[in-house]
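Participant: Submitted below is the structure of interest, expressed as structure tokens.
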Amino acid sequence: MPKNKGKGGKNRRRGKNENEEKRELVFKEDGQEYAQVLRMLGNGRLEAQCIDGVKRLCHIRGKMRKKVWVNTGDIVLVGLRDYQDDKADVIQKYMADEARSLKAYGEIPESVRVNETDTFTEEDGVNDEYFDFDDISEI
């Protein structure tokens, strides 16, 4: 068997994700729309609610796959297709601070919740996971 002469394996090639520097905010152009991710479907696809009110099946482009992780609730920029209105392509994912600044500029409406990690929150301290078991000795 040949000896490995390189340094490290897949994790070393992948490297560290150190792109924390500020990047320029990209606004939508014609043929593009802002959307919020509803659910991940697998195989590089997701379902997103676009700001124009249409729910679309989106495909994550190859440059973003395995490099930029998209989660539910994220704000993304999608490119609309001329020939399929119910499908789109994810062009860019906005970080939390970028999405908040988009909301401040009025690009996305105030009703959109920006990067809520837990979409299923408890309202008014009501705990739905409470079970009341009867005593078995009464039976």
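So you can find residues: chains in the structure tokens are A, B, ... in the order shown, residues in each start at 1, and ligands are numbered from 1 in order.
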Just list the residues in range 39-117 of chain A DSSP gives helix (DSSP H, G or I) on the backbone, as a list of chain:residue names.

Facilitator: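 Selection result, helix (DSSP H, G or I) within range 39-117 of chain A: A:Ala96, A:Asp97, A:Glu98, A:Ala99, A:Arg100, A:Ser101, A:Leu102, A:Lys103, A:Ala104, A:Tyr105.
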
Participant: Which neighbours of range 24-31 of chain A fall inside 8 Å, counting only C-alpha atoms, when residues of the same chain fewer than 4 positions from it are skipped, and could you give them as a list in words?

Facilitator: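 Neighbouring residues, sequence-local ones excluded: Leu77, Gly79, Leu80, Arg81 and Glu98 of chain A.
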
Participant: Would you save the residues from that selection as a tab-separated table (two decimals), in the first residue's frame, using N, CA and C atoms?

Facilitator:
```tsv
chain	number	residue	atom	x	y	z
A	77	LEU	N	-31.55	34.96	-0.94
A	77	LEU	CA	-31.85	35.63	-2.20
A	77	LEU	C	-31.98	34.54	-3.25
A	79	GLY	N	-33.01	33.35	-7.28
A	79	GLY	CA	-33.16	33.77	-8.67
A	79	GLY	C	-34.37	33.07	-9.26
A	80	LEU	N	-35.31	33.84	-9.79
A	80	LEU	CA	-36.53	33.27	-10.35
A	80	LEU	C	-36.26	32.72	-11.74
A	81	ARG	N	-36.99	31.70	-12.09
A	81	ARG	CA	-36.85	31.09	-13.41
A	81	ARG	C	-37.90	31.66	-14.35
A	98	GLU	N	-27.14	40.96	8.34
A	98	GLU	CA	-27.48	41.44	6.99
A	98	GLU	C	-28.98	41.43	6.79
```

Participant: May I have the residues within 12 Å of Arg56 in chain A as an MDAnalysis selection string, using only C-alpha atoms and disregarding those fewer than 3 positions away in the same chain?

Facilitator: chainID A and resid 33:39 45:53 59 78:81 84:90

Participant: CA of Ala96 in chain A and CA of Lys22 in chain A are how many Å apart?

Facilitator: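 Distance between the two atoms: 12.2 Å.
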
Participant: For the atom pair CA of Tyr83 in chain A and CA of Lys67 in chain A, what is the interatomic distance in Å to one decimal place?

Facilitator: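 One can read the CA of Tyr83 in chain A to CA of Lys67 in chain A distance as 28.3 Å.
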
Participant: Have a look at CA of Val112 in chain A and CA of Arg23 in chain A and let me know their distance in Å, one decimal.

Facilitator: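 Separation between CA of Val112 in chain A and CA of Arg23 in chain A: 22.6 Å.
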